[in-house]
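Participant: Input file: upload_29.pdb. Contents: PDB, C-alpha atoms.
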```pdb
ATOM      1  CA  MET A  28       0.000   0.000   0.000
ATOM      2  CA  GLN A  29       1.188   3.502  -0.796
ATOM      3  CA  TYR A  30       0.513   6.574   1.360
ATOM      4  CA  ARG A  31       0.169  10.260   0.589
ATOM      5  CA  THR A  32      -0.366  13.423   2.560
ATOM      6  CA  LEU A  33      -4.025  14.499   2.632
ATOM      7  CA  GLY A  34      -3.804  17.977   1.167
ATOM      8  CA  ARG A  35      -1.967  20.263   3.587
ATOM      9  CA  THR A  36      -3.199  18.530   6.740
ATOM     10  CA  GLY A  37      -0.051  16.503   7.379
ATOM     11  CA  VAL A  38      -2.207  13.380   7.763
ATOM     12  CA  GLN A  39      -0.896  10.345   5.905
ATOM     13  CA  VAL A  40      -3.579   8.275   4.173
ATOM     14  CA  SER A  41      -3.546   5.186   1.978
ATOM     15  CA  THR A  42      -4.004   5.633  -1.764
ATOM     16  CA  LEU A  43      -6.984   3.278  -1.571
ATOM     17  CA  VAL A  44      -9.835   4.231   0.762
ATOM     18  CA  LEU A  45     -12.477   1.810   2.015
ATOM     19  CA  GLY A  46     -15.840   3.318   1.099
ATOM     20  CA  ALA A  47     -18.777   1.972   3.112
ATOM     21  CA  MET A  48     -21.686   2.942   0.868
ATOM     22  CA  ASN A  49     -22.548  -0.726   0.290
ATOM     23  CA  PHE A  50     -22.612  -1.579   3.995
ATOM     24  CA  GLY A  51     -26.218  -2.237   4.975
ATOM     25  CA  SER A  52     -29.427  -2.522   3.000
ATOM     26  CA  LEU A  53     -28.138  -0.736  -0.127
ATOM     27  CA  GLY A  54     -25.505  -3.386  -0.780
ATOM     28  CA  ARG A  55     -27.328  -6.125   1.111
ATOM     29  CA  THR A  56     -24.212  -6.493   3.271
ATOM     30  CA  THR A  57     -24.464  -8.023   6.747
ATOM     31  CA  GLN A  58     -22.562  -6.874   9.808
ATOM     32  CA  ASP A  59     -20.306  -9.926   9.702
ATOM     33  CA  GLU A  60     -19.476  -9.238   6.051
ATOM     34  CA  ALA A  61     -18.809  -5.564   6.732
ATOM     35  CA  THR A  62     -16.547  -6.387   9.674
ATOM     36  CA  ALA A  63     -14.637  -8.940   7.608
ATOM     37  CA  MET A  64     -14.075  -6.357   4.869
ATOM     38  CA  VAL A  65     -12.883  -3.769   7.381
ATOM     39  CA  ASP A  66     -10.509  -6.349   8.877
ATOM     40  CA  ALA A  67      -9.100  -7.262   5.478
ATOM     41  CA  ALA A  68      -8.769  -3.629   4.389
ATOM     42  CA  LEU A  69      -6.878  -2.646   7.536
ATOM     43  CA  ASP A  70      -4.645  -5.720   7.239
ATOM     44  CA  ALA A  71      -3.829  -4.670   3.664
ATOM     45  CA  GLY A  72      -2.743  -1.209   4.842
ATOM     46  CA  ILE A  73      -5.842   0.880   4.178
ATOM     47  CA  ASN A  74      -6.094   3.449   6.978
ATOM     48  CA  LEU A  75      -9.000   5.638   5.831
ATOM     49  CA  ILE A  76     -12.663   4.573   5.972
ATOM     50  CA  ASP A  77     -15.298   6.809   4.372
ATOM     51  CA  THR A  78     -19.018   6.594   5.089
ATOM     52  CA  ALA A  79     -22.026   8.953   5.287
ATOM     53  CA  ASP A  80     -25.200   9.338   7.308
ATOM     54  CA  TRP A  81     -27.225   8.957   4.102
ATOM     55  CA  TYR A  82     -25.864   5.497   3.258
ATOM     56  CA  SER A  83     -28.755   3.138   4.061
ATOM     57  CA  GLN A  84     -30.120   5.921   6.303
ATOM     58  CA  GLY A  85     -27.453   5.533   8.985
ATOM     59  CA  GLU A  86     -27.035   1.763   8.799
ATOM     60  CA  SER A  87     -23.613   2.070   7.140
ATOM     61  CA  GLU A  88     -22.324   4.242   9.982
ATOM     62  CA  GLU A  89     -23.628   1.771  12.552
ATOM     63  CA  MET A  90     -21.872  -1.113  10.802
ATOM     64  CA  VAL A  91     -18.622   0.830  10.490
ATOM     65  CA  GLY A  92     -18.821   1.738  14.175
ATOM     66  CA  LYS A  93     -19.177  -1.894  15.224
ATOM     67  CA  ALA A  94     -16.426  -3.000  12.847
ATOM     68  CA  ILE A  95     -13.853  -0.513  14.180
ATOM     69  CA  ALA A  96     -14.708  -0.883  17.863
ATOM     70  CA  GLY A  97     -11.537  -1.061  19.917
ATOM     71  CA  ARG A  98      -9.251   0.259  17.192
ATOM     72  CA  ARG A  99     -10.553   3.757  16.528
ATOM     73  CA  ASP A 100      -7.112   5.315  16.852
ATOM     74  CA  ASP A 101      -5.666   3.056  14.154
ATOM     75  CA  LEU A 102      -7.541   4.720  11.306
ATOM     76  CA  VAL A 103      -8.697   7.976   9.783
ATOM     77  CA  LEU A 104     -12.489   8.084   9.970
ATOM     78  CA  ALA A 105     -14.561  10.167   7.559
ATOM     79  CA  THR A 106     -18.301  10.679   7.232
ATOM     80  CA  LYS A 107     -20.641  13.092   5.498
ATOM     81  CA  ALA A 108     -23.887  15.019   5.989
ATOM     82  CA  ALA A 109     -26.356  17.194   4.036
ATOM     83  CA  MET A 110     -28.364  14.600   2.086
ATOM     84  CA  PRO A 111     -32.024  14.072   3.123
ATOM     85  CA  MET A 112     -32.391  11.880   6.205
ATOM     86  CA  SER A 113     -36.192  11.981   6.380
ATOM     87  CA  ASP A 114     -39.205  13.706   4.825
ATOM     88  CA  GLU A 115     -38.814  16.541   7.329
ATOM     89  CA  ARG A 116     -37.634  19.539   5.308
ATOM     90  CA  ASN A 117     -34.997  20.584   7.852
ATOM     91  CA  HIS A 118     -33.399  17.135   8.192
ATOM     92  CA  ARG A 119     -30.973  17.893   5.378
ATOM     93  CA  GLY A 120     -28.744  20.608   3.977
ATOM     94  CA  GLY A 121     -25.928  22.709   5.357
ATOM     95  CA  SER A 122     -27.641  24.814   8.006
ATOM     96  CA  ARG A 123     -26.221  25.082  11.512
ATOM     97  CA  ARG A 124     -29.500  23.738  12.858
ATOM     98  CA  TRP A 125     -29.118  20.496  10.931
ATOM     99  CA  LEU A 126     -25.343  19.967  10.955
ATOM    100  CA  VAL A 127     -25.098  20.103  14.752
ATOM    101  CA  THR A 128     -27.817  17.461  15.032
ATOM    102  CA  ALA A 129     -26.525  15.390  12.115
ATOM    103  CA  LEU A 130     -23.024  15.172  13.538
ATOM    104  CA  ASP A 131     -24.267  14.106  16.966
ATOM    105  CA  ASN A 132     -26.346  11.412  15.261
ATOM    106  CA  SER A 133     -23.338  10.225  13.266
ATOM    107  CA  LEU A 134     -21.091  10.101  16.324
ATOM    108  CA  ARG A 135     -23.702   8.060  18.170
ATOM    109  CA  ARG A 136     -24.074   5.601  15.306
ATOM    110  CA  LEU A 137     -20.312   5.301  14.867
ATOM    111  CA  GLY A 138     -19.741   4.937  18.606
ATOM    112  CA  VAL A 139     -16.963   7.554  18.676
ATOM    113  CA  ASP A 140     -16.455  10.994  20.188
ATOM    114  CA  HIS A 141     -15.046  12.584  17.033
ATOM    115  CA  VAL A 142     -14.511  12.024  13.311
ATOM    116  CA  ASP A 143     -11.326  12.972  11.530
ATOM    117  CA  LEU A 144     -12.996  14.328   8.387
ATOM    118  CA  TYR A 145     -16.546  15.696   8.234
ATOM    119  CA  GLN A 146     -17.706  16.393   4.689
ATOM    120  CA  ILE A 147     -20.642  18.280   3.221
ATOM    121  CA  HIS A 148     -22.088  15.598   0.944
ATOM    122  CA  ARG A 149     -23.490  18.016  -1.628
ATOM    123  CA  TRP A 150     -23.504  21.788  -1.944
ATOM    124  CA  ASP A 151     -26.696  23.244  -0.472
ATOM    125  CA  PRO A 152     -27.791  26.200  -2.653
ATOM    126  CA  SER A 153     -30.231  27.421   0.004
ATOM    127  CA  THR A 154     -27.559  27.910   2.678
ATOM    128  CA  SER A 155     -24.755  30.477   2.682
ATOM    129  CA  ASP A 156     -21.135  29.367   2.886
ATOM    130  CA  GLU A 157     -20.732  31.494   6.004
ATOM    131  CA  GLU A 158     -23.582  29.660   7.750
ATOM    132  CA  THR A 159     -22.209  26.207   6.951
ATOM    133  CA  LEU A 160     -18.558  27.001   7.650
ATOM    134  CA  SER A 161     -19.416  28.809  10.884
ATOM    135  CA  ALA A 162     -21.197  25.692  12.163
ATOM    136  CA  LEU A 163     -18.348  23.449  11.072
ATOM    137  CA  THR A 164     -15.799  25.735  12.717
ATOM    138  CA  ASP A 165     -17.641  25.579  16.038
ATOM    139  CA  LEU A 166     -17.933  21.788  15.819
ATOM    140  CA  GLN A 167     -14.209  21.612  15.110
ATOM    141  CA  ARG A 168     -13.398  23.824  18.092
ATOM    142  CA  ALA A 169     -15.622  21.605  20.228
ATOM    143  CA  GLY A 170     -13.349  18.678  19.326
ATOM    144  CA  LYS A 171     -16.037  16.716  17.490
ATOM    145  CA  ILE A 172     -14.295  16.921  14.105
ATOM    146  CA  ARG A 173     -10.673  17.393  13.108
ATOM    147  CA  TYR A 174     -11.013  18.584   9.504
ATOM    148  CA  VAL A 175     -13.815  19.632   7.169
ATOM    149  CA  GLY A 176     -14.275  18.731   3.526
ATOM    150  CA  SER A 177     -16.653  19.064   0.596
ATOM    151  CA  SER A 178     -18.029  16.411  -1.723
ATOM    152  CA  THR A 179     -18.975  16.776  -5.378
ATOM    153  CA  PHE A 180     -18.823  20.576  -5.311
ATOM    154  CA  PRO A 181     -18.606  22.389  -8.654
ATOM    155  CA  ALA A 182     -15.285  24.159  -9.102
ATOM    156  CA  TYR A 183     -16.753  27.620  -8.608
ATOM    157  CA  ARG A 184     -18.320  26.514  -5.296
ATOM    158  CA  ILE A 185     -14.945  25.212  -4.118
ATOM    159  CA  VAL A 186     -13.469  28.633  -4.840
ATOM    160  CA  GLN A 187     -16.387  30.384  -3.140
ATOM    161  CA  GLY A 188     -15.986  28.208  -0.053
ATOM    162  CA  GLN A 189     -12.290  29.054   0.176
ATOM    163  CA  TRP A 190     -13.055  32.751  -0.201
ATOM    164  CA  ALA A 191     -15.789  32.662   2.463
ATOM    165  CA  ALA A 192     -13.506  30.926   4.944
ATOM    166  CA  ARG A 193     -10.823  33.533   4.448
ATOM    167  CA  GLU A 194     -13.240  36.483   4.479
ATOM    168  CA  HIS A 195     -14.960  35.417   7.697
ATOM    169  CA  HIS A 196     -11.939  33.823   9.418
ATOM    170  CA  LEU A 197     -13.522  30.366   9.503
ATOM    171  CA  SER A 198     -12.209  26.837   9.058
ATOM    172  CA  ARG A 199     -11.796  25.997   5.402
ATOM    173  CA  TYR A 200     -12.514  22.865   3.451
ATOM    174  CA  VAL A 201      -9.264  20.896   3.239
ATOM    175  CA  THR A 202     -10.542  18.089   1.003
ATOM    176  CA  GLU A 203     -12.857  17.564  -1.943
ATOM    177  CA  GLN A 204     -14.489  14.257  -2.872
ATOM    178  CA  PRO A 205     -15.385  14.264  -6.596
ATOM    179  CA  GLY A 206     -16.541  11.485  -8.901
ATOM    180  CA  TYR A 207     -13.683  10.472 -11.203
ATOM    181  CA  SER A 208     -12.906   7.577 -13.521
ATOM    182  CA  ILE A 209     -11.517   6.859 -16.968
ATOM    183  CA  LEU A 210     -15.067   7.149 -18.326
ATOM    184  CA  GLN A 211     -15.872  10.387 -16.492
ATOM    185  CA  ARG A 212     -12.900  12.748 -16.763
ATOM    186  CA  GLY A 213     -14.690  16.112 -16.696
ATOM    187  CA  ILE A 214     -13.212  17.179 -13.370
ATOM    188  CA  GLU A 215      -9.803  17.374 -15.057
ATOM    189  CA  THR A 216     -10.955  20.570 -16.776
ATOM    190  CA  HIS A 217     -12.110  22.501 -13.724
ATOM    191  CA  VAL A 218     -12.268  20.776 -10.325
ATOM    192  CA  LEU A 219      -8.774  19.269 -10.160
ATOM    193  CA  PRO A 220      -6.965  22.482 -11.216
ATOM    194  CA  VAL A 221      -8.847  24.302  -8.432
ATOM    195  CA  THR A 222      -8.050  21.694  -5.787
ATOM    196  CA  GLU A 223      -4.386  21.916  -6.764
ATOM    197  CA  GLN A 224      -4.490  25.700  -6.545
ATOM    198  CA  TYR A 225      -5.854  25.606  -3.000
ATOM    199  CA  GLY A 226      -3.919  22.572  -1.808
ATOM    200  CA  LEU A 227      -6.955  20.373  -1.155
ATOM    201  CA  GLY A 228      -6.706  16.645  -0.714
ATOM    202  CA  VAL A 229      -8.797  14.762  -3.286
ATOM    203  CA  LEU A 230     -10.626  11.529  -2.468
ATOM    204  CA  ALA A 231     -12.068  10.259  -5.754
ATOM    205  CA  TRP A 232     -15.290   8.263  -5.625
ATOM    206  CA  SER A 233     -16.605   5.799  -8.239
ATOM    207  CA  PRO A 234     -13.201   5.089  -9.821
ATOM    208  CA  LEU A 235     -14.748   1.927 -11.313
ATOM    209  CA  ALA A 236     -17.576   3.978 -12.864
ATOM    210  CA  SER A 237     -20.422   2.211 -11.028
ATOM    211  CA  GLY A 238     -19.027  -1.166 -12.062
ATOM    212  CA  TRP A 239     -18.434  -0.423 -15.745
ATOM    213  CA  LEU A 240     -14.689  -0.840 -15.149
ATOM    214  CA  SER A 241     -14.932  -3.876 -12.871
ATOM    215  CA  GLY A 242     -14.597  -6.398 -15.695
ATOM    216  CA  ALA A 243     -18.137  -7.660 -15.163
ATOM    217  CA  ILE A 244     -19.623  -5.537 -17.957
ATOM    218  CA  ARG A 245     -18.550  -6.523 -21.457
ATOM    219  CA  GLU A 246     -20.000  -6.476 -24.957
ATOM    220  CA  GLY A 247     -22.423  -9.343 -25.583
ATOM    221  CA  ARG A 248     -22.925 -10.160 -21.903
ATOM    222  CA  GLU A 249     -26.095  -9.593 -19.939
ATOM    223  CA  ILE A 250     -25.547  -6.825 -17.384
ATOM    224  CA  THR A 251     -26.485  -8.243 -13.988
ATOM    225  CA  THR A 252     -24.482  -6.108 -11.581
ATOM    226  CA  SER A 253     -26.046  -4.987  -8.308
ATOM    227  CA  ARG A 254     -25.958  -1.341  -9.366
ATOM    228  CA  SER A 255     -27.813  -2.057 -12.607
ATOM    229  CA  SER A 256     -30.810  -3.356 -10.662
ATOM    230  CA  PHE A 257     -31.620   0.029  -9.118
ATOM    231  CA  MET A 258     -30.023   2.357 -11.683
ATOM    232  CA  PRO A 259     -31.133   0.680 -14.943
ATOM    233  CA  GLN A 260     -30.874   3.818 -17.052
ATOM    234  CA  ARG A 261     -27.108   3.904 -16.500
ATOM    235  CA  PHE A 262     -26.740   0.441 -18.004
ATOM    236  CA  ASP A 263     -29.302   0.534 -20.814
ATOM    237  CA  THR A 264     -27.151  -0.024 -23.880
ATOM    238  CA  SER A 265     -29.792   1.489 -26.158
ATOM    239  CA  ILE A 266     -28.783   4.883 -24.723
ATOM    240  CA  PRO A 267     -25.978   6.535 -26.752
ATOM    241  CA  SER A 268     -23.844   7.459 -23.728
ATOM    242  CA  ASN A 269     -23.941   3.862 -22.513
ATOM    243  CA  ARG A 270     -22.969   2.594 -25.943
ATOM    244  CA  ALA A 271     -20.007   4.985 -25.830
ATOM    245  CA  LYS A 272     -19.032   3.607 -22.434
ATOM    246  CA  MET A 273     -19.262   0.029 -23.705
ATOM    247  CA  ALA A 274     -17.047   0.822 -26.685
ATOM    248  CA  ALA A 275     -14.471   2.394 -24.390
ATOM    249  CA  VAL A 276     -14.608  -0.524 -21.954
ATOM    250  CA  GLU A 277     -13.827  -2.992 -24.743
ATOM    251  CA  GLN A 278     -10.768  -0.984 -25.780
ATOM    252  CA  LEU A 279      -9.657  -0.535 -22.184
ATOM    253  CA  ALA A 280     -10.004  -4.266 -21.511
ATOM    254  CA  GLU A 281      -7.697  -4.980 -24.468
ATOM    255  CA  LEU A 282      -5.211  -2.406 -23.166
ATOM    256  CA  ALA A 283      -5.276  -3.886 -19.679
ATOM    257  CA  ASP A 284      -4.720  -7.394 -21.019
ATOM    258  CA  ALA A 285      -1.826  -6.257 -23.201
ATOM    259  CA  SER A 286      -0.297  -4.505 -20.174
ATOM    260  CA  GLY A 287      -0.586  -7.559 -17.923
ATOM    261  CA  LEU A 288      -3.188  -5.890 -15.736
ATOM    262  CA  THR A 289      -6.775  -6.484 -14.759
ATOM    263  CA  LEU A 290      -9.286  -3.858 -15.829
ATOM    264  CA  ILE A 291      -9.687  -2.938 -12.153
ATOM    265  CA  GLN A 292      -5.958  -2.354 -11.806
ATOM    266  CA  LEU A 293      -5.992  -0.199 -14.920
ATOM    267  CA  ALA A 294      -8.948   1.838 -13.653
ATOM    268  CA  LEU A 295      -7.653   2.408 -10.129
ATOM    269  CA  GLY A 296      -4.095   2.990 -11.311
ATOM    270  CA  PHE A 297      -5.373   5.665 -13.693
ATOM    271  CA  VAL A 298      -7.181   7.593 -10.947
ATOM    272  CA  THR A 299      -4.298   7.528  -8.477
ATOM    273  CA  ALA A 300      -1.815   8.494 -11.211
ATOM    274  CA  HIS A 301      -3.201  12.036 -11.417
ATOM    275  CA  ARG A 302      -0.988  14.289  -9.342
ATOM    276  CA  ALA A 303      -3.980  16.136  -7.862
ATOM    277  CA  VAL A 304      -5.594  12.942  -6.531
ATOM    278  CA  THR A 305      -4.734  11.726  -3.053
ATOM    279  CA  SER A 306      -6.718   8.484  -2.966
ATOM    280  CA  ALA A 307      -9.317   6.435  -4.803
ATOM    281  CA  ILE A 308     -12.364   5.280  -2.838
ATOM    282  CA  ILE A 309     -13.259   1.642  -3.400
ATOM    283  CA  GLY A 310     -16.756   0.484  -2.436
ATOM    284  CA  PRO A 311     -16.775  -3.316  -2.297
ATOM    285  CA  ARG A 312     -20.014  -5.180  -1.695
ATOM    286  CA  THR A 313     -18.383  -8.570  -1.146
ATOM    287  CA  MET A 314     -15.043  -9.912   0.003
ATOM    288  CA  ASP A 315     -14.266 -11.012  -3.566
ATOM    289  CA  HIS A 316     -14.828  -7.441  -4.725
ATOM    290  CA  LEU A 317     -12.476  -6.174  -2.023
ATOM    291  CA  HIS A 318      -9.659  -8.585  -2.875
ATOM    292  CA  SER A 319      -9.881  -7.768  -6.595
ATOM    293  CA  GLN A 320      -9.584  -4.066  -5.780
ATOM    294  CA  LEU A 321      -6.817  -4.455  -3.202
ATOM    295  CA  ALA A 322      -4.771  -6.067  -5.972
ATOM    296  CA  ALA A 323      -4.439  -2.556  -7.447
ATOM    297  CA  ALA A 324      -2.886  -1.094  -4.298
ATOM    298  CA  ASP A 325       0.603  -0.767  -5.785
ATOM    299  CA  THR A 326      -0.329  -0.403  -9.449
ATOM    300  CA  ALA A 327       1.713   2.247 -11.226
ATOM    301  CA  LEU A 328       0.840   2.840 -14.874
ATOM    302  CA  SER A 329       3.565   3.689 -17.363
ATOM    303  CA  SER A 330       3.407   6.814 -19.502
ATOM    304  CA  ASP A 331       2.697   4.657 -22.542
ATOM    305  CA  VAL A 332      -0.347   3.092 -20.868
ATOM    306  CA  LEU A 333      -1.613   6.482 -19.698
ATOM    307  CA  ASP A 334      -1.177   7.851 -23.222
ATOM    308  CA  ALA A 335      -3.139   4.897 -24.582
ATOM    309  CA  ILE A 336      -5.963   5.628 -22.122
ATOM    310  CA  ASP A 337      -5.988   9.257 -23.324
ATOM    311  CA  ALA A 338      -6.442   7.993 -26.875
ATOM    312  CA  ILE A 339      -9.506   5.976 -25.817
ATOM    313  CA  VAL A 340     -11.147   8.632 -23.618
ATOM    314  CA  ALA A 341      -9.742  12.121 -24.127
ATOM    315  CA  PRO A 342      -8.643  14.171 -21.091
ATOM    316  CA  GLY A 343     -11.447  16.241 -19.616
ATOM    317  CA  VAL A 344     -14.227  14.290 -21.342
ATOM    318  CA  ASP A 345     -17.281  12.810 -19.622
ATOM    319  CA  LEU A 346     -18.719   9.989 -21.715
ATOM    320  CA  ALA A 347     -21.995  10.344 -19.807
ATOM    321  CA  PRO A 348     -22.404  14.059 -19.008
ATOM    322  CA  ASP A 349     -25.960  13.529 -17.729
ATOM    323  CA  GLU A 350     -24.611  11.387 -14.875
ATOM    324  CA  LYS A 351     -22.609  14.206 -13.334
ATOM    325  CA  HIS A 352     -23.471  15.325  -9.816
ATOM    326  CA  ASP A 353     -21.797  18.745  -9.802
ATOM    327  CA  THR A 354     -23.750  20.371 -12.623
ATOM    328  CA  PRO A 355     -24.897  23.917 -11.743
ATOM    329  CA  PRO A 356     -28.594  23.810 -10.740
ATOM    330  CA  ALA A 357     -29.582  26.302 -13.472
ATOM    331  CA  LEU A 358     -28.588  23.770 -16.135
ATOM    332  CA  LEU A 359     -30.991  21.207 -14.688
ATOM    333  CA  ASP A 360     -33.954  23.397 -13.722
ATOM    334  CA  ALA A 361     -35.195  25.769 -16.411
ATOM    335  CA  THR A 362     -36.931  28.001 -13.849
ATOM    336  CA  LEU A 363     -33.513  28.952 -12.494
ATOM    337  CA  ARG A 364     -32.403  30.387 -15.813
ATOM    338  CA  ARG A 365     -35.607  32.182 -16.766
ATOM    339  CA  ARG A 366     -36.736  35.623 -15.708
TER
END
```
Could you express the structure from this file as structure tokens?
Facilitator:
Amino acid sequence: MQYRTLGRTGVQVSTLVLGAMNFGSLGRTTQDEATAMVDAALDAGINLIDTADWYSQGESEEMVGKAIAGRRDDLVLATKAAMPMSDERNHRGGSRRWLVTALDNSLRRLGVDHVDLYQIHRWDPSTSDEETLSALTDLQRAGKIRYVGSSTFPAYRIVQGQWAAREHHLSRYVTEQPGYSILQRGIETHVLPVTEQYGLGVLAWSPLASGWLSGAIREGREITTSRSSFMPQRFDTSIPSNRAKMAAVEQLAELADASGLTLIQLALGFVTAHRAVTSAIIGPRTMDHLHSQLAAADTALSSDVLDAIDAIVAPGVDLAPDEKHDTPPALLDATLRRR
């Protein structure tokens, strides 16, 4: 396992992060399975676990808490807030009212007195940066969190957050967690240059592109992955963007084979090769998934392989732009761009 400094924090983290989104009902993962995966990940050298209150409505945090009991100090623990936790309109977002409650709920579920990294899961357009950062600063001073981060923020919101922290003398976001893979490279044009400018650590989620780069999805095969059962539109090969992904996957599989690598090693090695990326978040659902992804822990791609990837999917290109999560709201809601 390799280790890098998380932005400018001085904290050393593994280049692979154990993501716990599949722990619980979403991934149909039991507590025993989750604990076994945590054990194996820690044994392999992973020292950062990332979860969120929204994952299976708190069940993921509860499973992580039980799995790390007795060894809290051996790892860097990260969670997130801001996504809806109930139908109540104020049980979401970045307001002080909600974040104080959400963090206490997360700490209780995790069975700890603090988290190392507390991230705003999505930018909340209805809440000012000053409001959110002020709450996070107070929670940090109270010792309940060590660092604060953002997740899937558009580049301009990352800049705005940095400006607001400086203007109001508040804690600043020290990490960003964007979606990034060979098939979705759009953040190379805007987000990653900004994170480099401000010295943010980058924890990239979905480096296997929701399973497209796992090796399980190939031309002529029926797509039966877990993700395809509840996100069918992302795997419907009658959709042009999905056909483009399939064509790229076939070329990437040939490249991986010619390079003596698995497709997973190629995909994870690509993400961690970018100088702005600190770590890639893996989200195994089974122990077999975990072992296949841990095999990429020390993968280092040559310049020739990286150039060949660029020829298949050009730098800065998203093959499925409609799947992005950091699109400005006005591009999605016509009422926000009409007078």
Participant: Evaluate the PyMOL selection byres ((chain A and resi 52) around 10) on the structure here and hand back the selected residues as an MDAnalysis selection string.
Facilitator: chainID A and resid 48:51 53:57 82:84 86:87
Participant: Go through A:Leu230, A:Met112, A:Leu321, A:Ile336 and flag the residue nearest A:Glu281, using all atoms listed in the file for the distances.
Facilitator: A:Ile336
Participant: Let me make sure I understand: among A:Thr264, A:Ser306, A:Thr106, A:Thr354, which one has the smallest atom-to-atom distance to A:Ser177 if we use all atoms listed in the file?
Facilitator: A:Thr106
Participant: Between atom CA of A:Arg312 and atom CA of A:Leu43, what is the distance, to one decimal in Å?
Facilitator: 15.5 Å
Participant: Residue by residue, what does the PyMOL selection byres ((chain A and resi 231) around 8) grab here? Present the result as a ChimeraX atom specification.
Facilitator: /A:204-207,229-230,232-234,298,304-308
Participant: Take atom CA of A:Asp80 and atom CA of A:His141 and report the distance between them in Å, one decimal.
Facilitator: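 Answer for the atom CA of A:Asp80 to atom CA of A:His141 separation: 14.4 Å.
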Participant: Quick one: residues within 12 Å of A:Ser256, all atoms listed in the file counted, chain neighbours fewer than 5 positions away excluded, as JSON, numbers by chain?
Facilitator: {"A": [53, 54, 237, 250, 251, 261, 262, 263]}
Participant: For stretch 54-66 of chain A, where the input has fewer atoms than it should, I would like N, CA, C and O atoms rebuilt and written as a PDB file, keeping the file's coordinate frame.
Facilitator:
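Below is the file that was written, rebuild-v1.pdb:
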```
ATOM      1  N   GLY A  54     -26.320  -2.346  -0.180  1.00  0.00           N
ATOM      2  CA  GLY A  54     -25.505  -3.386  -0.780  1.00  0.00           C
ATOM      3  C   GLY A  54     -25.858  -4.780  -0.308  1.00  0.00           C
ATOM      4  O   GLY A  54     -25.176  -5.742  -0.661  1.00  0.00           O
ATOM      5  N   ARG A  55     -26.904  -4.851   0.533  1.00  0.00           N
ATOM      6  CA  ARG A  55     -27.328  -6.125   1.111  1.00  0.00           C
ATOM      7  C   ARG A  55     -26.161  -6.808   1.835  1.00  0.00           C
ATOM      8  O   ARG A  55     -25.955  -8.025   1.752  1.00  0.00           O
ATOM      9  N   THR A  56     -25.387  -6.007   2.556  1.00  0.00           N
ATOM     10  CA  THR A  56     -24.212  -6.493   3.271  1.00  0.00           C
ATOM     11  C   THR A  56     -24.534  -6.637   4.746  1.00  0.00           C
ATOM     12  O   THR A  56     -25.049  -5.709   5.370  1.00  0.00           O
ATOM     13  N   THR A  57     -24.213  -7.789   5.324  1.00  0.00           N
ATOM     14  CA  THR A  57     -24.464  -8.023   6.747  1.00  0.00           C
ATOM     15  C   THR A  57     -23.350  -7.433   7.592  1.00  0.00           C
ATOM     16  O   THR A  57     -22.276  -7.086   7.090  1.00  0.00           O
ATOM     17  N   GLN A  58     -23.587  -7.379   8.909  1.00  0.00           N
ATOM     18  CA  GLN A  58     -22.562  -6.874   9.808  1.00  0.00           C
ATOM     19  C   GLN A  58     -21.304  -7.743   9.766  1.00  0.00           C
ATOM     20  O   GLN A  58     -20.171  -7.225   9.745  1.00  0.00           O
ATOM     21  N   ASP A  59     -21.473  -9.042   9.751  1.00  0.00           N
ATOM     22  CA  ASP A  59     -20.306  -9.926   9.702  1.00  0.00           C
ATOM     23  C   ASP A  59     -19.494  -9.693   8.426  1.00  0.00           C
ATOM     24  O   ASP A  59     -18.252  -9.683   8.460  1.00  0.00           O
ATOM     25  N   GLU A  60     -20.183  -9.495   7.306  1.00  0.00           N
ATOM     26  CA  GLU A  60     -19.476  -9.238   6.051  1.00  0.00           C
ATOM     27  C   GLU A  60     -18.759  -7.897   6.086  1.00  0.00           C
ATOM     28  O   GLU A  60     -17.611  -7.780   5.632  1.00  0.00           O
ATOM     29  N   ALA A  61     -19.427  -6.891   6.633  1.00  0.00           N
ATOM     30  CA  ALA A  61     -18.809  -5.564   6.732  1.00  0.00           C
ATOM     31  C   ALA A  61     -17.579  -5.609   7.630  1.00  0.00           C
ATOM     32  O   ALA A  61     -16.536  -5.033   7.301  1.00  0.00           O
ATOM     33  N   THR A  62     -17.676  -6.284   8.750  1.00  0.00           N
ATOM     34  CA  THR A  62     -16.547  -6.387   9.674  1.00  0.00           C
ATOM     35  C   THR A  62     -15.384  -7.126   9.023  1.00  0.00           C
ATOM     36  O   THR A  62     -14.214  -6.722   9.162  1.00  0.00           O
ATOM     37  N   ALA A  63     -15.690  -8.189   8.294  1.00  0.00           N
ATOM     38  CA  ALA A  63     -14.637  -8.940   7.608  1.00  0.00           C
ATOM     39  C   ALA A  63     -13.931  -8.069   6.572  1.00  0.00           C
ATOM     40  O   ALA A  63     -12.698  -8.145   6.416  1.00  0.00           O
ATOM     41  N   MET A  64     -14.688  -7.241   5.864  1.00  0.00           N
ATOM     42  CA  MET A  64     -14.075  -6.357   4.869  1.00  0.00           C
ATOM     43  C   MET A  64     -13.221  -5.284   5.534  1.00  0.00           C
ATOM     44  O   MET A  64     -12.136  -4.946   5.047  1.00  0.00           O
ATOM     45  N   VAL A  65     -13.694  -4.744   6.648  1.00  0.00           N
ATOM     46  CA  VAL A  65     -12.883  -3.769   7.381  1.00  0.00           C
ATOM     47  C   VAL A  65     -11.603  -4.427   7.861  1.00  0.00           C
ATOM     48  O   VAL A  65     -10.501  -3.863   7.743  1.00  0.00           O
ATOM     49  N   ASP A  66     -11.698  -5.626   8.406  1.00  0.00           N
ATOM     50  CA  ASP A  66     -10.509  -6.349   8.877  1.00  0.00           C
ATOM     51  C   ASP A  66      -9.503  -6.528   7.748  1.00  0.00           C
ATOM     52  O   ASP A  66      -8.304  -6.249   7.906  1.00  0.00           O
TER      53      ASP A  66
END
```
